[in-house]
Amino acid sequence: SPDPRRGVDPPPAGNDQPAKHMFNVNWLLNDRPLTELEELSLGVLDHLLVGTSSSTLYKALMGSELGEAITGGGLSDELLQATFSIGLKGVSEEDVPKAEELVYSTMKKAAEEGFSADDIAASLNTIEFQLREFNTGSFPKYLSFMLGANSQWLYDGSPTSGLKFEKPLAELKASIAESGSKIFQDLLTEFFVNNTHRSTVQLTPSKTMEE
């Protein structure tokens, strides 16, 4: 994997605004097509990490009181190469390194220790319910079907494979029944802990940018 990259940008800030910083850590997860099982498992892992206020990574960042709010949308897997983005806004300059290190250490700890059976069951039930209900809210359902099909069809895959979930869901449940959170720990190790194909973007407010 390539070396991690860092970028610092100075967005404008008013003289009466506090000099609070914002950062995001962004991973490019795969340089090969993901299997259906990996795609589904990453979706459940995303929920385990940041899906709710009590999720592992979300709770660690907000509980640290190093920042004011979570940034980054977590997992994005609509394209051929999936990404994961997480960070904080409202961070003091001296706390940015601490908050960034907390992201890495929380990921590493989760990869080593795993997740509780209750947490896995709750996240899996949430994702399975979403897949079966396919409730798109006010967003047109036919467009959701099209986008789901395109996630594979655009890359020479079967258009229906982006909509099917029964087979990988059964495989994931079997894996969890056999070895608990190991499948999620392996994903964390491969796609996050040992993956240096990532960037950190830090926004450092500048009160002279607009001059």
# chains A, B, ... in the order shown; residues from 1 in each chain; ligands from 1

$ residues_around --residues "Glu65 of chain A" --least-positions-apart "2" --cutoff "12 Å" --atoms "only C-alpha atoms" --output "number ranges by chain"
A: 58-63, 67-70, 88-92, 95-96, 98-99, 102

$ select_by_dssp --residues "segment 27-143 of chain A" --states "helix (DSSP H, G or I)" --output "PDB file with N, CA and C atoms, in the first residue's frame"
ATOM      1  N   GLU A  36     -19.164 -10.576  -2.360  1.00  0.00           N
ATOM      2  CA  GLU A  36     -20.470 -10.214  -1.809  1.00  0.00           C
ATOM      3  C   GLU A  36     -20.464 -10.307  -0.285  1.00  0.00           C
ATOM      4  N   LEU A  37     -19.761 -11.321   0.238  1.00  0.00           N
ATOM      5  CA  LEU A  37     -19.674 -11.482   1.692  1.00  0.00           C
ATOM      6  C   LEU A  37     -18.909 -10.313   2.311  1.00  0.00           C
ATOM      7  N   GLU A  38     -17.818  -9.897   1.680  1.00  0.00           N
ATOM      8  CA  GLU A  38     -17.052  -8.767   2.206  1.00  0.00           C
ATOM      9  C   GLU A  38     -17.873  -7.488   2.184  1.00  0.00           C
ATOM     10  N   GLU A  39     -18.612  -7.258   1.104  1.00  0.00           N
ATOM     11  CA  GLU A  39     -19.430  -6.050   1.002  1.00  0.00           C
ATOM     12  C   GLU A  39     -20.461  -5.987   2.126  1.00  0.00           C
ATOM     13  N   LEU A  40     -21.154  -7.084   2.331  1.00  0.00           N
ATOM     14  CA  LEU A  40     -22.176  -7.113   3.376  1.00  0.00           C
ATOM     15  C   LEU A  40     -21.540  -6.998   4.763  1.00  0.00           C
ATOM     16  N   SER A  41     -20.440  -7.706   4.964  1.00  0.00           N
ATOM     17  CA  SER A  41     -19.775  -7.695   6.268  1.00  0.00           C
ATOM     18  C   SER A  41     -19.228  -6.313   6.591  1.00  0.00           C
ATOM     19  N   LEU A  42     -18.715  -5.605   5.583  1.00  0.00           N
ATOM     20  CA  LEU A  42     -18.241  -4.237   5.810  1.00  0.00           C
ATOM     21  C   LEU A  42     -19.396  -3.319   6.193  1.00  0.00           C
ATOM     22  N   GLY A  43     -20.572  -3.561   5.626  1.00  0.00           N
ATOM     23  CA  GLY A  43     -21.742  -2.776   6.003  1.00  0.00           C
ATOM     24  C   GLY A  43     -22.114  -2.973   7.460  1.00  0.00           C
ATOM     25  N   VAL A  44     -22.046  -4.224   7.923  1.00  0.00           N
ATOM     26  CA  VAL A  44     -22.334  -4.508   9.339  1.00  0.00           C
ATOM     27  C   VAL A  44     -21.226  -3.925  10.216  1.00  0.00           C
ATOM     28  N   LEU A  45     -19.971  -4.054   9.782  1.00  0.00           N
ATOM     29  CA  LEU A  45     -18.852  -3.483  10.536  1.00  0.00           C
ATOM     30  C   LEU A  45     -18.988  -1.965  10.657  1.00  0.00           C
ATOM     31  N   ASP A  46     -19.403  -1.316   9.582  1.00  0.00           N
ATOM     32  CA  ASP A  46     -19.628   0.130   9.609  1.00  0.00           C
ATOM     33  C   ASP A  46     -20.635   0.486  10.696  1.00  0.00           C
ATOM     34  N   HIS A  47     -21.689  -0.308  10.816  1.00  0.00           N
ATOM     35  CA  HIS A  47     -22.700  -0.056  11.843  1.00  0.00           C
ATOM     36  C   HIS A  47     -22.126  -0.299  13.237  1.00  0.00           C
ATOM     37  N   LEU A  48     -21.292  -1.331  13.366  1.00  0.00           N
ATOM     38  CA  LEU A  48     -20.648  -1.615  14.660  1.00  0.00           C
ATOM     39  C   LEU A  48     -19.726  -0.470  15.080  1.00  0.00           C
ATOM     40  N   LEU A  49     -19.109   0.188  14.108  1.00  0.00           N
ATOM     41  CA  LEU A  49     -18.157   1.255  14.405  1.00  0.00           C
ATOM     42  C   LEU A  49     -18.820   2.605  14.622  1.00  0.00           C
ATOM     43  N   VAL A  50     -19.749   2.975  13.725  1.00  0.00           N
ATOM     44  CA  VAL A  50     -20.284   4.348  13.769  1.00  0.00           C
ATOM     45  C   VAL A  50     -21.788   4.428  13.552  1.00  0.00           C
ATOM     46  N   THR A  56     -18.764   1.538  18.683  1.00  0.00           N
ATOM     47  CA  THR A  56     -17.410   1.568  19.233  1.00  0.00           C
ATOM     48  C   THR A  56     -16.637   2.841  18.915  1.00  0.00           C
ATOM     49  N   LEU A  57     -16.491   3.174  17.647  1.00  0.00           N
ATOM     50  CA  LEU A  57     -15.671   4.319  17.255  1.00  0.00           C
ATOM     51  C   LEU A  57     -16.377   5.635  17.547  1.00  0.00           C
ATOM     52  N   TYR A  58     -17.664   5.681  17.286  1.00  0.00           N
ATOM     53  CA  TYR A  58     -18.454   6.883  17.568  1.00  0.00           C
ATOM     54  C   TYR A  58     -18.370   7.234  19.058  1.00  0.00           C
ATOM     55  N   LYS A  59     -18.576   6.226  19.907  1.00  0.00           N
ATOM     56  CA  LYS A  59     -18.571   6.450  21.354  1.00  0.00           C
ATOM     57  C   LYS A  59     -17.192   6.892  21.839  1.00  0.00           C
ATOM     58  N   ALA A  60     -16.131   6.286  21.289  1.00  0.00           N
ATOM     59  CA  ALA A  60     -14.775   6.648  21.702  1.00  0.00           C
ATOM     60  C   ALA A  60     -14.462   8.101  21.362  1.00  0.00           C
ATOM     61  N   LEU A  61     -14.826   8.535  20.154  1.00  0.00           N
ATOM     62  CA  LEU A  61     -14.527   9.900  19.735  1.00  0.00           C
ATOM     63  C   LEU A  61     -15.349  10.928  20.511  1.00  0.00           C
ATOM     64  N   MET A  62     -16.649  10.694  20.633  1.00  0.00           N
ATOM     65  CA  MET A  62     -17.486  11.660  21.335  1.00  0.00           C
ATOM     66  C   MET A  62     -17.232  11.623  22.837  1.00  0.00           C
ATOM     67  N   GLY A  63     -16.948  10.451  23.366  1.00  0.00           N
ATOM     68  CA  GLY A  63     -16.660  10.326  24.796  1.00  0.00           C
ATOM     69  C   GLY A  63     -15.357  10.973  25.196  1.00  0.00           C
ATOM     70  N   GLU A  93      -6.424  23.029  18.230  1.00  0.00           N
ATOM     71  CA  GLU A  93      -5.252  22.667  17.431  1.00  0.00           C
ATOM     72  C   GLU A  93      -4.384  21.623  18.114  1.00  0.00           C
ATOM     73  N   GLU A  94      -4.178  21.786  19.411  1.00  0.00           N
ATOM     74  CA  GLU A  94      -3.296  20.854  20.126  1.00  0.00           C
ATOM     75  C   GLU A  94      -3.921  19.479  20.324  1.00  0.00           C
ATOM     76  N   ASP A  95      -5.247  19.385  20.151  1.00  0.00           N
ATOM     77  CA  ASP A  95      -5.921  18.099  20.348  1.00  0.00           C
ATOM     78  C   ASP A  95      -6.093  17.291  19.066  1.00  0.00           C
ATOM     79  N   VAL A  96      -5.791  17.889  17.917  1.00  0.00           N
ATOM     80  CA  VAL A  96      -5.951  17.158  16.653  1.00  0.00           C
ATOM     81  C   VAL A  96      -5.135  15.868  16.630  1.00  0.00           C
ATOM     82  N   PRO A  97      -3.839  15.892  16.995  1.00  0.00           N
ATOM     83  CA  PRO A  97      -3.077  14.631  16.997  1.00  0.00           C
ATOM     84  C   PRO A  97      -3.649  13.580  17.950  1.00  0.00           C
ATOM     85  N   LYS A  98      -4.154  14.017  19.098  1.00  0.00           N
ATOM     86  CA  LYS A  98      -4.746  13.074  20.059  1.00  0.00           C
ATOM     87  C   LYS A  98      -5.990  12.416  19.470  1.00  0.00           C
ATOM     88  N   ALA A  99      -6.832  13.233  18.835  1.00  0.00           N
ATOM     89  CA  ALA A  99      -8.068  12.704  18.264  1.00  0.00           C
ATOM     90  C   ALA A  99      -7.774  11.753  17.104  1.00  0.00           C
ATOM     91  N   GLU A 100      -6.788  12.111  16.280  1.00  0.00           N
ATOM     92  CA  GLU A 100      -6.428  11.240  15.167  1.00  0.00           C
ATOM     93  C   GLU A 100      -5.882   9.912  15.679  1.00  0.00           C
ATOM     94  N   GLU A 101      -5.030   9.963  16.672  1.00  0.00           N
ATOM     95  CA  GLU A 101      -4.474   8.740  17.247  1.00  0.00           C
ATOM     96  C   GLU A 101      -5.573   7.888  17.883  1.00  0.00           C
ATOM     97  N   LEU A 102      -6.591   8.533  18.435  1.00  0.00           N
ATOM     98  CA  LEU A 102      -7.712   7.799  19.036  1.00  0.00           C
ATOM     99  C   LEU A 102      -8.451   6.978  17.983  1.00  0.00           C
ATOM    100  N   VAL A 103      -8.577   7.511  16.766  1.00  0.00           N
ATOM    101  CA  VAL A 103      -9.197   6.746  15.679  1.00  0.00           C
ATOM    102  C   VAL A 103      -8.416   5.459  15.441  1.00  0.00           C
ATOM    103  N   TYR A 104      -7.084   5.588  15.308  1.00  0.00           N
ATOM    104  CA  TYR A 104      -6.256   4.411  15.014  1.00  0.00           C
ATOM    105  C   TYR A 104      -6.259   3.419  16.170  1.00  0.00           C
ATOM    106  N   SER A 105      -6.120   3.910  17.397  1.00  0.00           N
ATOM    107  CA  SER A 105      -6.041   3.003  18.546  1.00  0.00           C
ATOM    108  C   SER A 105      -7.366   2.283  18.792  1.00  0.00           C
ATOM    109  N   THR A 106      -8.475   2.967  18.521  1.00  0.00           N
ATOM    110  CA  THR A 106      -9.791   2.331  18.693  1.00  0.00           C
ATOM    111  C   THR A 106      -9.990   1.228  17.661  1.00  0.00           C
ATOM    112  N   MET A 107      -9.584   1.491  16.417  1.00  0.00           N
ATOM    113  CA  MET A 107      -9.650   0.470  15.368  1.00  0.00           C
ATOM    114  C   MET A 107      -8.789  -0.740  15.738  1.00  0.00           C
ATOM    115  N   LYS A 108      -7.569  -0.480  16.208  1.00  0.00           N
ATOM    116  CA  LYS A 108      -6.641  -1.557  16.558  1.00  0.00           C
ATOM    117  C   LYS A 108      -7.183  -2.388  17.719  1.00  0.00           C
ATOM    118  N   LYS A 109      -7.726  -1.712  18.716  1.00  0.00           N
ATOM    119  CA  LYS A 109      -8.283  -2.413  19.871  1.00  0.00           C
ATOM    120  C   LYS A 109      -9.460  -3.297  19.465  1.00  0.00           C
ATOM    121  N   ALA A 110     -10.329  -2.764  18.598  1.00  0.00           N
ATOM    122  CA  ALA A 110     -11.473  -3.544  18.129  1.00  0.00           C
ATOM    123  C   ALA A 110     -11.015  -4.755  17.319  1.00  0.00           C
ATOM    124  N   ALA A 111      -9.947  -4.567  16.518  1.00  0.00           N
ATOM    125  CA  ALA A 111      -9.414  -5.686  15.732  1.00  0.00           C
ATOM    126  C   ALA A 111      -8.850  -6.775  16.637  1.00  0.00           C
ATOM    127  N   GLU A 112      -8.294  -6.384  17.771  1.00  0.00           N
ATOM    128  CA  GLU A 112      -7.688  -7.347  18.685  1.00  0.00           C
ATOM    129  C   GLU A 112      -8.719  -8.005  19.601  1.00  0.00           C
ATOM    130  N   GLU A 113      -9.671  -7.212  20.081  1.00  0.00           N
ATOM    131  CA  GLU A 113     -10.604  -7.708  21.101  1.00  0.00           C
ATOM    132  C   GLU A 113     -11.968  -8.111  20.551  1.00  0.00           C
ATOM    133  N   ALA A 117     -21.283 -10.231  21.474  1.00  0.00           N
ATOM    134  CA  ALA A 117     -22.332 -10.945  20.735  1.00  0.00           C
ATOM    135  C   ALA A 117     -23.593 -10.093  20.616  1.00  0.00           C
ATOM    136  N   ASP A 118     -23.911  -9.345  21.668  1.00  0.00           N
ATOM    137  CA  ASP A 118     -25.106  -8.505  21.650  1.00  0.00           C
ATOM    138  C   ASP A 118     -24.971  -7.380  20.623  1.00  0.00           C
ATOM    139  N   ASP A 119     -23.788  -6.764  20.576  1.00  0.00           N
ATOM    140  CA  ASP A 119     -23.579  -5.681  19.618  1.00  0.00           C
ATOM    141  C   ASP A 119     -23.642  -6.196  18.180  1.00  0.00           C
ATOM    142  N   ILE A 120     -23.049  -7.366  17.949  1.00  0.00           N
ATOM    143  CA  ILE A 120     -23.077  -7.954  16.608  1.00  0.00           C
ATOM    144  C   ILE A 120     -24.514  -8.268  16.204  1.00  0.00           C
ATOM    145  N   ALA A 121     -25.265  -8.862  17.118  1.00  0.00           N
ATOM    146  CA  ALA A 121     -26.658  -9.218  16.822  1.00  0.00           C
ATOM    147  C   ALA A 121     -27.480  -7.977  16.507  1.00  0.00           C
ATOM    148  N   ALA A 122     -27.274  -6.902  17.266  1.00  0.00           N
ATOM    149  CA  ALA A 122     -28.032  -5.673  17.054  1.00  0.00           C
ATOM    150  C   ALA A 122     -27.701  -5.056  15.693  1.00  0.00           C
ATOM    151  N   SER A 123     -26.410  -4.996  15.352  1.00  0.00           N
ATOM    152  CA  SER A 123     -26.022  -4.410  14.062  1.00  0.00           C
ATOM    153  C   SER A 123     -26.487  -5.285  12.901  1.00  0.00           C
ATOM    154  N   LEU A 124     -26.343  -6.592  13.043  1.00  0.00           N
ATOM    155  CA  LEU A 124     -26.770  -7.496  11.974  1.00  0.00           C
ATOM    156  C   LEU A 124     -28.276  -7.401  11.761  1.00  0.00           C
ATOM    157  N   ASN A 125     -29.036  -7.342  12.855  1.00  0.00           N
ATOM    158  CA  ASN A 125     -30.492  -7.223  12.738  1.00  0.00           C
ATOM    159  C   ASN A 125     -30.879  -5.913  12.049  1.00  0.00           C
ATOM    160  N   THR A 126     -30.166  -4.833  12.361  1.00  0.00           N
ATOM    161  CA  THR A 126     -30.452  -3.536  11.752  1.00  0.00           C
ATOM    162  C   THR A 126     -30.215  -3.579  10.244  1.00  0.00           C
ATOM    163  N   ILE A 127     -29.063  -4.115   9.851  1.00  0.00           N
ATOM    164  CA  ILE A 127     -28.731  -4.181   8.428  1.00  0.00           C
ATOM    165  C   ILE A 127     -29.677  -5.123   7.691  1.00  0.00           C
ATOM    166  N   GLU A 128     -29.993  -6.260   8.297  1.00  0.00           N
ATOM    167  CA  GLU A 128     -30.910  -7.208   7.647  1.00  0.00           C
ATOM    168  C   GLU A 128     -32.296  -6.587   7.477  1.00  0.00           C
ATOM    169  N   PHE A 129     -32.751  -5.872   8.487  1.00  0.00           N
ATOM    170  CA  PHE A 129     -34.060  -5.216   8.395  1.00  0.00           C
ATOM    171  C   PHE A 129     -34.068  -4.195   7.259  1.00  0.00           C
ATOM    172  N   GLN A 130     -32.988  -3.421   7.147  1.00  0.00           N
ATOM    173  CA  GLN A 130     -32.894  -2.427   6.064  1.00  0.00           C
ATOM    174  C   GLN A 130     -32.923  -3.102   4.692  1.00  0.00           C
ATOM    175  N   LEU A 131     -32.205  -4.218   4.567  1.00  0.00           N
ATOM    176  CA  LEU A 131     -32.169  -4.924   3.288  1.00  0.00           C
ATOM    177  C   LEU A 131     -33.539  -5.480   2.918  1.00  0.00           C
ATOM    178  N   ARG A 132     -34.248  -6.033   3.888  1.00  0.00           N
ATOM    179  CA  ARG A 132     -35.538  -6.674   3.602  1.00  0.00           C
ATOM    180  C   ARG A 132     -36.655  -5.651   3.398  1.00  0.00           C
ATOM    181  N   GLU A 133     -36.625  -4.585   4.169  1.00  0.00           N
ATOM    182  CA  GLU A 133     -37.673  -3.572   4.053  1.00  0.00           C
ATOM    183  C   GLU A 133     -37.490  -2.718   2.800  1.00  0.00           C
ATOM    184  N   LYS A 141     -38.176   4.665  -5.164  1.00  0.00           N
ATOM    185  CA  LYS A 141     -37.661   3.303  -5.017  1.00  0.00           C
ATOM    186  C   LYS A 141     -37.020   2.797  -6.303  1.00  0.00           C
ATOM    187  N   TYR A 142     -37.568   3.196  -7.453  1.00  0.00           N
ATOM    188  CA  TYR A 142     -37.000   2.708  -8.719  1.00  0.00           C
ATOM    189  C   TYR A 142     -35.582   3.234  -8.915  1.00  0.00           C
ATOM    190  N   LEU A 143     -35.307   4.457  -8.411  1.00  0.00           N
ATOM    191  CA  LEU A 143     -33.948   4.984  -8.504  1.00  0.00           C
ATOM    192  C   LEU A 143     -33.003   4.217  -7.585  1.00  0.00           C
TER     193      LEU A 143
END

$ atom_distance --atom1 "atom CA of Asp3 of chain A" --atom2 "atom CA of Leu28 of chain A"
12.0 Å

$ residues_around --residues "segment 72-74 of chain A" --least-positions-apart "6" --cutoff "6 Å" --atoms "only C-alpha atoms" --output "list in words"
Phe84, Ser85, Ile86 and Gly87 of chain A

$ write_last_selection --atoms "N, CA and C atoms" --output "mmCIF file, in the first residue's frame"
data_model
loop_
_atom_site.group_PDB
_atom_site.id
_atom_site.type_symbol
_atom_site.label_atom_id
_atom_site.label_comp_id
_atom_site.auth_asym_id
_atom_site.auth_seq_id
_atom_site.Cartn_x
_atom_site.Cartn_y
_atom_site.Cartn_z
ATOM 1 N N PHE A 84 -13.762 4.739 3.541
ATOM 2 C CA PHE A 84 -14.275 4.939 4.900
ATOM 3 C C PHE A 84 -13.680 6.233 5.419
ATOM 4 N N SER A 85 -14.535 7.110 5.926
ATOM 5 C CA SER A 85 -14.091 8.419 6.388
ATOM 6 C C SER A 85 -14.666 8.715 7.769
ATOM 7 N N ILE A 86 -13.804 9.182 8.665
ATOM 8 C CA ILE A 86 -14.260 9.507 10.024
ATOM 9 C C ILE A 86 -13.375 10.608 10.595
ATOM 10 N N GLY A 87 -13.953 11.470 11.410
ATOM 11 C CA GLY A 87 -13.166 12.529 12.030
ATOM 12 C C GLY A 87 -14.005 13.310 13.015
#

$ select_by_dssp --residues "chain A" --states "strand (DSSP E or B)" --output "NGL selection string"
:A and (5-9 or 12 or 21-28 or 69-76 or 83-91 or 198-203 or 206)

$ atom_distance --atom1 "atom CA of Arg198 of chain A" --atom2 "atom CA of Ser76 of chain A"
14.2 Å

$ closest_residue --among "A:Gly157, A:Gly114, A:Gly137, A:Pro168" --to "Thr189 of chain A" --atoms "only C-alpha atoms"
A:Gly114

$ atom_distance --atom1 "atom CA of Thr52 of chain A" --atom2 "atom CA of Glu78 of chain A"
21.2 Å
